[in-house]
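S.K.: Supplied structure: entry_32.txt, compact mmCIF, C-alpha atoms and all ligand atoms.
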```txt
# COMPACT_ATOMS: atom_id res chain seq x y z
CA MET A 1 5.67 -16.13 -17.77
CA LYS A 2 3.01 -13.51 -18.40
CA SER A 3 3.20 -9.86 -19.28
CA VAL A 4 1.08 -7.85 -16.91
CA LEU A 5 -0.14 -4.26 -16.98
CA LEU A 6 -0.81 -3.17 -13.44
CA ILE A 7 -2.71 0.07 -12.77
CA GLY A 8 -2.41 1.55 -9.29
CA LEU A 9 0.58 1.26 -6.98
CA GLY A 10 -1.15 1.50 -3.61
CA ARG A 11 -0.53 -1.20 -1.01
CA PHE A 12 -2.50 -3.82 -2.90
CA GLY A 13 -0.93 -3.00 -6.27
CA ARG A 14 2.59 -3.09 -4.84
CA HIS A 15 2.08 -6.43 -3.12
CA MET A 16 0.70 -7.84 -6.33
CA ALA A 17 3.54 -6.41 -8.44
CA GLU A 18 6.15 -7.81 -6.07
CA ARG A 19 4.65 -11.28 -6.21
CA LEU A 20 4.16 -11.22 -9.98
CA ILE A 21 7.82 -10.30 -10.45
CA ALA A 22 8.96 -12.94 -7.95
CA GLU A 23 7.02 -15.53 -9.97
CA GLY A 24 8.95 -14.53 -13.08
CA ASN A 25 6.39 -12.35 -14.84
CA GLU A 26 6.95 -9.01 -16.57
CA VAL A 27 5.13 -6.08 -15.02
CA LEU A 28 4.50 -2.62 -16.45
CA ALA A 29 3.18 -0.60 -13.52
CA VAL A 30 1.23 2.62 -13.97
CA ASP A 31 0.20 5.20 -11.42
CA ILE A 32 -1.03 8.76 -11.63
CA ASN A 33 1.18 9.63 -8.67
CA GLU A 34 4.82 10.31 -9.56
CA GLU A 35 6.15 9.42 -6.12
CA ARG A 36 4.47 6.00 -6.19
CA VAL A 37 5.96 5.30 -9.61
CA ASN A 38 9.44 6.34 -8.45
CA ASP A 39 9.15 4.11 -5.39
CA ALA A 40 8.28 1.11 -7.55
CA ILE A 41 10.60 1.65 -10.49
CA ASP A 42 13.40 -0.63 -9.24
CA MET A 43 10.97 -3.38 -8.33
CA VAL A 44 9.04 -3.77 -11.61
CA THR A 45 10.08 -4.34 -15.24
CA ASP A 46 8.93 -0.87 -16.26
CA ALA A 47 6.85 1.90 -14.70
CA GLN A 48 5.03 4.91 -16.11
CA ILE A 49 3.30 7.93 -14.68
CA GLY A 50 -0.14 8.36 -16.20
CA ASP A 51 -3.88 8.59 -15.75
CA ALA A 52 -5.56 5.27 -16.54
CA THR A 53 -8.84 7.09 -17.23
CA ASN A 54 -7.24 9.07 -20.06
CA GLU A 55 -8.02 7.49 -23.40
CA HIS A 56 -4.87 8.67 -25.20
CA PHE A 57 -2.62 7.49 -22.41
CA VAL A 58 -4.23 4.06 -22.21
CA GLU A 59 -4.11 3.69 -26.00
CA SER A 60 -0.38 4.45 -25.90
CA LEU A 61 0.24 1.48 -23.58
CA GLY A 62 -0.46 -1.16 -26.24
CA VAL A 63 -2.99 -2.91 -24.06
CA ARG A 64 -3.49 -5.80 -26.52
CA ASN A 65 0.06 -6.99 -25.88
CA PHE A 66 -0.54 -7.85 -22.23
CA ASP A 67 -1.74 -11.23 -21.06
CA LEU A 68 -3.31 -9.67 -18.01
CA CYS A 69 -4.38 -6.15 -16.97
CA VAL A 70 -4.97 -5.48 -13.29
CA VAL A 71 -6.90 -2.44 -12.09
CA ALA A 72 -5.68 -2.10 -8.51
CA ILE A 73 -7.15 1.34 -7.83
CA GLY A 74 -8.76 1.12 -4.42
CA ASP A 75 -10.61 4.16 -3.15
CA ASN A 76 -11.64 5.93 -6.31
CA PHE A 77 -14.42 3.80 -7.72
CA GLN A 78 -15.18 6.18 -10.59
CA SER A 79 -11.57 5.92 -11.82
CA SER A 80 -11.47 2.21 -11.34
CA LEU A 81 -14.66 1.79 -13.40
CA GLU A 82 -13.44 4.09 -16.16
CA ALA A 83 -10.02 2.44 -16.34
CA THR A 84 -11.60 -1.02 -16.51
CA ALA A 85 -13.95 -0.06 -19.35
CA LEU A 86 -11.18 1.74 -21.22
CA LEU A 87 -8.80 -1.21 -21.01
CA LYS A 88 -11.47 -3.50 -22.40
CA ASP A 89 -12.30 -1.00 -25.18
CA CYS A 90 -8.60 -0.95 -26.10
CA GLY A 91 -8.63 -4.71 -26.60
CA ALA A 92 -7.36 -6.05 -23.26
CA SER A 93 -7.74 -9.82 -23.25
CA MET A 94 -8.11 -10.25 -19.49
CA VAL A 95 -8.96 -7.53 -16.99
CA LEU A 96 -8.88 -8.24 -13.28
CA ALA A 97 -10.37 -5.40 -11.25
CA ARG A 98 -10.25 -4.78 -7.54
CA ALA A 99 -13.49 -4.02 -5.69
CA ASN A 100 -14.01 -2.54 -2.25
CA ARG A 101 -17.72 -3.28 -1.99
CA ASP A 102 -20.17 -5.89 -3.31
CA VAL A 103 -21.96 -3.35 -5.46
CA HIS A 104 -18.65 -2.24 -6.99
CA ALA A 105 -17.87 -5.81 -7.99
CA LYS A 106 -21.15 -6.01 -9.87
CA PHE A 107 -20.54 -2.79 -11.81
CA LEU A 108 -16.95 -3.68 -12.62
CA LEU A 109 -18.07 -7.00 -14.08
CA ARG A 110 -20.76 -5.25 -16.13
CA ASN A 111 -18.27 -2.70 -17.42
CA GLY A 112 -15.62 -4.97 -18.83
CA ALA A 113 -13.87 -6.71 -15.94
CA ASP A 114 -13.36 -10.42 -16.67
CA ASP A 115 -12.82 -11.12 -13.01
CA VAL A 116 -13.06 -9.14 -9.79
CA VAL A 117 -11.07 -9.46 -6.60
CA TYR A 118 -12.50 -8.16 -3.34
CA PRO A 119 -9.47 -8.53 -1.05
CA GLU A 120 -10.92 -7.27 2.24
CA LYS A 121 -13.96 -9.50 1.98
CA GLU A 122 -12.08 -12.58 0.79
CA MET A 123 -9.40 -12.30 3.44
CA ALA A 124 -11.92 -11.54 6.20
CA GLN A 125 -13.97 -14.60 5.28
CA ARG A 126 -10.92 -16.82 5.10
CA LEU A 127 -9.70 -15.70 8.51
CA ALA A 128 -13.16 -16.05 10.03
CA VAL A 129 -13.32 -19.69 8.93
CA LYS A 130 -9.73 -20.41 9.89
CA TYR A 131 -9.78 -18.82 13.33
CA GLY A 132 -13.48 -19.22 14.15
CA ASN A 133 -13.43 -23.03 14.02
CA ASP A 134 -11.30 -25.20 16.28
CA ASN A 135 -11.28 -27.98 13.72
CA ILE A 136 -10.46 -26.04 10.58
CA PHE A 137 -6.82 -25.03 10.25
CA ASP A 138 -6.99 -23.47 6.82
CA TYR A 139 -9.46 -22.70 4.09
CA ILE A 140 -9.34 -21.68 0.46
CA LYS A 141 -12.66 -20.79 -1.08
CA LEU A 142 -13.38 -22.16 -4.57
CA THR A 143 -17.06 -21.21 -4.93
CA ASP A 144 -19.72 -20.20 -2.40
CA GLU A 145 -20.26 -23.88 -1.60
CA TYR A 146 -16.96 -25.65 -2.28
CA ALA A 147 -13.57 -25.08 -0.71
CA ILE A 148 -10.28 -26.70 0.19
CA TYR A 149 -9.84 -27.19 3.94
CA GLU A 150 -7.18 -28.39 6.31
CA ILE A 151 -8.81 -30.50 9.04
CA PRO A 152 -7.66 -32.96 11.72
CA VAL A 153 -7.96 -36.72 11.17
CA PRO A 154 -11.10 -37.96 12.99
CA GLN A 155 -9.99 -40.22 15.84
CA SER A 156 -12.13 -43.07 14.54
CA TRP A 157 -10.20 -43.03 11.25
CA VAL A 158 -6.75 -43.48 12.78
CA GLY A 159 -5.29 -46.89 11.82
CA SER A 160 -7.83 -47.39 9.00
CA SER A 161 -7.26 -46.80 5.29
CA ILE A 162 -9.02 -44.31 3.03
CA LEU A 163 -10.70 -47.28 1.32
CA GLU A 164 -11.92 -48.81 4.60
CA LYS A 165 -13.44 -45.54 5.67
CA GLU A 166 -15.07 -45.03 2.24
CA VAL A 167 -14.21 -41.39 2.48
CA ARG A 168 -15.66 -40.38 -0.88
CA ARG A 169 -18.79 -42.54 -0.87
CA LYS A 170 -19.78 -42.00 2.75
CA HIS A 171 -18.46 -38.53 3.44
CA HIS A 172 -18.43 -36.93 -0.03
CA ILE A 173 -15.00 -35.35 0.32
CA SER A 174 -11.75 -35.85 -1.59
CA ILE A 175 -8.44 -36.07 0.24
CA LEU A 176 -5.94 -34.04 -1.76
CA ALA A 177 -3.00 -34.44 0.60
CA THR A 178 -1.89 -35.24 4.11
CA LYS A 179 0.29 -32.88 6.10
CA GLU A 180 2.69 -33.56 8.93
CA ASP A 181 5.23 -31.23 10.56
CA GLY A 182 4.57 -28.61 7.90
CA LYS A 183 5.34 -31.07 5.10
CA MET A 184 2.73 -31.90 2.46
CA PHE A 185 2.27 -35.42 1.04
CA PRO A 186 -0.02 -35.08 -1.98
CA LEU A 187 -2.55 -37.55 -3.42
CA PRO A 188 -2.61 -40.42 -0.93
CA GLY A 189 -3.77 -43.70 -2.50
CA ALA A 190 -6.81 -45.74 -1.40
CA GLU A 191 -4.63 -47.98 0.78
CA TYR A 192 -3.24 -45.05 2.73
CA VAL A 193 -3.64 -45.56 6.49
CA PHE A 194 -4.55 -42.50 8.60
CA LYS A 195 -2.27 -41.33 11.43
CA SER A 196 -3.22 -39.21 14.42
CA THR A 197 -0.15 -37.01 13.96
CA GLU A 198 -1.23 -35.59 10.59
CA THR A 199 -3.85 -33.26 9.21
CA LEU A 200 -5.83 -33.70 5.98
CA ILE A 201 -6.15 -31.33 3.07
CA VAL A 202 -9.59 -32.01 1.65
CA MET A 203 -11.91 -30.60 -0.99
CA GLY A 204 -15.65 -30.68 -0.67
CA HIS A 205 -18.94 -28.99 0.04
CA PHE A 206 -18.64 -26.90 3.20
CA GLN A 207 -21.38 -28.85 4.98
CA ASP A 208 -19.75 -32.21 4.28
CA VAL A 209 -16.33 -30.99 5.38
CA ARG A 210 -17.71 -29.48 8.57
CA THR A 211 -19.40 -32.77 9.43
CA VAL A 212 -16.11 -34.66 9.05
CA ALA A 213 -14.15 -31.98 10.89
CA LYS A 214 -16.44 -32.38 13.91
CA MET A 215 -16.26 -36.19 13.97
CA LYS A 216 -14.42 -37.85 16.83
P1 LIG A 301 -4.47 0.69 -1.44
O1 LIG A 301 -5.61 0.37 -0.55
O2 LIG A 301 -4.02 -0.51 -2.24
O3 LIG A 301 -3.32 1.39 -0.79
P2 LIG A 301 -5.12 3.10 -2.89
O4 LIG A 301 -6.50 3.43 -3.32
O5 LIG A 301 -4.51 3.93 -1.83
O6 LIG A 301 -5.11 1.59 -2.59
O7 LIG A 301 -4.12 3.14 -4.14
C1 LIG A 301 -4.52 3.17 -5.43
C2 LIG A 301 -3.42 3.69 -6.31
O8 LIG A 301 -4.00 3.93 -7.59
C3 LIG A 301 -2.81 5.02 -5.84
O9 LIG A 301 -1.40 4.92 -5.86
C4 LIG A 301 -3.33 6.03 -6.86
O10 LIG A 301 -2.40 7.06 -7.13
C5 LIG A 301 -3.56 5.17 -8.08
N1 LIG A 301 -4.57 5.74 -8.98
C6 LIG A 301 -5.77 6.26 -8.63
N2 LIG A 301 -6.42 6.71 -9.73
C7 LIG A 301 -5.61 6.46 -10.78
C8 LIG A 301 -5.71 6.68 -12.19
N3 LIG A 301 -6.78 7.27 -12.72
N4 LIG A 301 -4.69 6.31 -12.98
C9 LIG A 301 -3.60 5.69 -12.45
N5 LIG A 301 -3.43 5.46 -11.15
C10 LIG A 301 -4.43 5.84 -10.31
```
Starting from the file, lay out its structure as structure tokens.

M.R.:
Amino acid sequence: MKSVLLIGLGRFGRHMAERLIAEGNEVLAVDINEERVNDAIDMVTDAQIGDATNEHFVESLGVRNFDLCVVAIGDNFQSSLEATALLKDCGASMVLARANRDVHAKFLLRNGADDVVYPEKEMAQRLAVKYGNDNIFDYIKLTDEYAIYEIPVPQSWVGSSILEKEVRRKHHISILATKEDGKMFPLPGAEYVFKSTETLIVMGHFQDVRTVAKMK
């Protein structure tokens, strides 16, 4: 369980607050807009009306006591930058800031953000990979080069084991799990024999995974 200070109760902030609470975390939500705070008050642990760019207000929040501070202000980049810097100045241990553009991400990181999330870009890229490739059913980016993918079992692998196909040595990917009928079976052993009815959850370099995903 973490204690989280969440600034900004727009759509993104609310979704994040809801999920954080559902996962058992404590959330103090802050917004400059009274109506947004009132709408969220029953959903979060505590909520306050205030301006996250105001030094006295931010100091009063006891920023050091939170495991995580999230700046979820979307449109107003100036405010988002000021709030991020202020939180860090007040001793925040971890600040996650939301960016709406590449250039914003860069400035947020330079001004105190420990990590930046760029939801539109990340979601757009994920969906482009997922829906733009017949052989990739899902995709979670880890770095620019590495990701976790869900791909079909190549036909030539069906009936053979992971060991026989030398998946790691020849294809440079790791099989994290197999999936069938929506059920996940994690960490198959070397003797595991591939079936045509399943898909594979694999981790690897995007080029290596694409090569395997296109194999017959
Ligand atoms: P979304 O795309 O998630 O709906 P918005 O930009 O509409 O994002 O929402 C951001 C929220 O952040 C709004 O509810 C707004 O009132 C709040 N906000 C903006 N500036 C500040 C600030 N200085 N202090 C606290 N909350 C702020």

S.K.: I want to know what sits within 10 Å of Met16 in chain A, based on all atoms listed in the file, with residues of the same chain fewer than 4 positions away left out; could you give that as JSON, numbers by chain?

M.R.: {"A": [6, 9, 10, 11, 12, 20, 21, 22, 27, 70, 72]}

S.K.: Considering only C-alpha atoms and all ligand atoms, can you say which of A:Asp89, A:Glu18, A:Asp138, A:Glu120 comes closest to ligand LIG 301 (chain A)?

M.R.: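 Once distances to ligand LIG 301 (chain A) are computed over only C-alpha atoms and all ligand atoms, the minimum belongs to A:Glu120.
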
S.K.: Find the distance between CA of Pro186 in chain A and CA of Ile173 in chain A and write it in Å to one decimal.

M.R.: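 Distance reported for this atom pair: 15.2 Å.
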
S.K.: Between A:Gly62, A:Gly24, A:Gly74, A:Gly182, which one has atoms that come closest to ligand LIG 301 (chain A), using all atoms listed in the file?

M.R.: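 Looking only at the distances to ligand LIG 301 (chain A), the closest residue turns out to be A:Gly74.
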
S.K.: Hey, can you pull every residue with an atom no more than 9 Å from (-1.6, -36.4, 10.1), using all atoms listed in the file, and send it as a list in words?

M.R.: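 Protein, DNA and RNA residues close to (-1.6, -36.4, 10.1): Pro152, Val153, Thr178, Lys179, Glu180, Asp181, Phe194, Lys195, Ser196, Thr197, Glu198, Thr199 and Leu200 of chain A.
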
S.K.: Leaving out range 57-61 of chain A and any residue of its chain fewer than 5 positions from it, which residues lie within 8 Å of it when counting all atoms listed in the file, given as a list of chain:residue names?

M.R.: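 Near neighbours after the sequence-gap exclusion: A:Gly50, A:Asp51, A:Ala52, A:Leu86, A:Leu87, A:Cys90.
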
S.K.: Between A:Val193, A:Lys2, A:Arg210, A:Phe137, which is the closest to Val158 in chain A once you count only C-alpha atoms?

M.R.: A:Val193

S.K.: So that I can check the surroundings of Asp39 in chain A, please list as a tab-separated table (two decimals) with C-alpha atoms, in the frame of the given file every protein, DNA and RNA residue that reaches within 10 Å of it, counting only C-alpha atoms and ignoring chain neighbours fewer than 4 positions away.

M.R.:
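Contents of part_19.tsv, freshly written:
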```tsv
chain	number	residue	atom	x	y	z
A	9	LEU	CA	0.58	1.26	-6.98
A	14	ARG	CA	2.59	-3.09	-4.84
A	34	GLU	CA	4.82	10.31	-9.56
A	35	GLU	CA	6.15	9.42	-6.12
A	43	MET	CA	10.97	-3.38	-8.33
A	47	ALA	CA	6.85	1.90	-14.70
```

S.K.: Work out how far CA of Tyr192 in chain A is from CA of Ser174 in chain A, in Å to one decimal.

M.R.: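 That distance, rounded to one decimal, is 13.3 Å.
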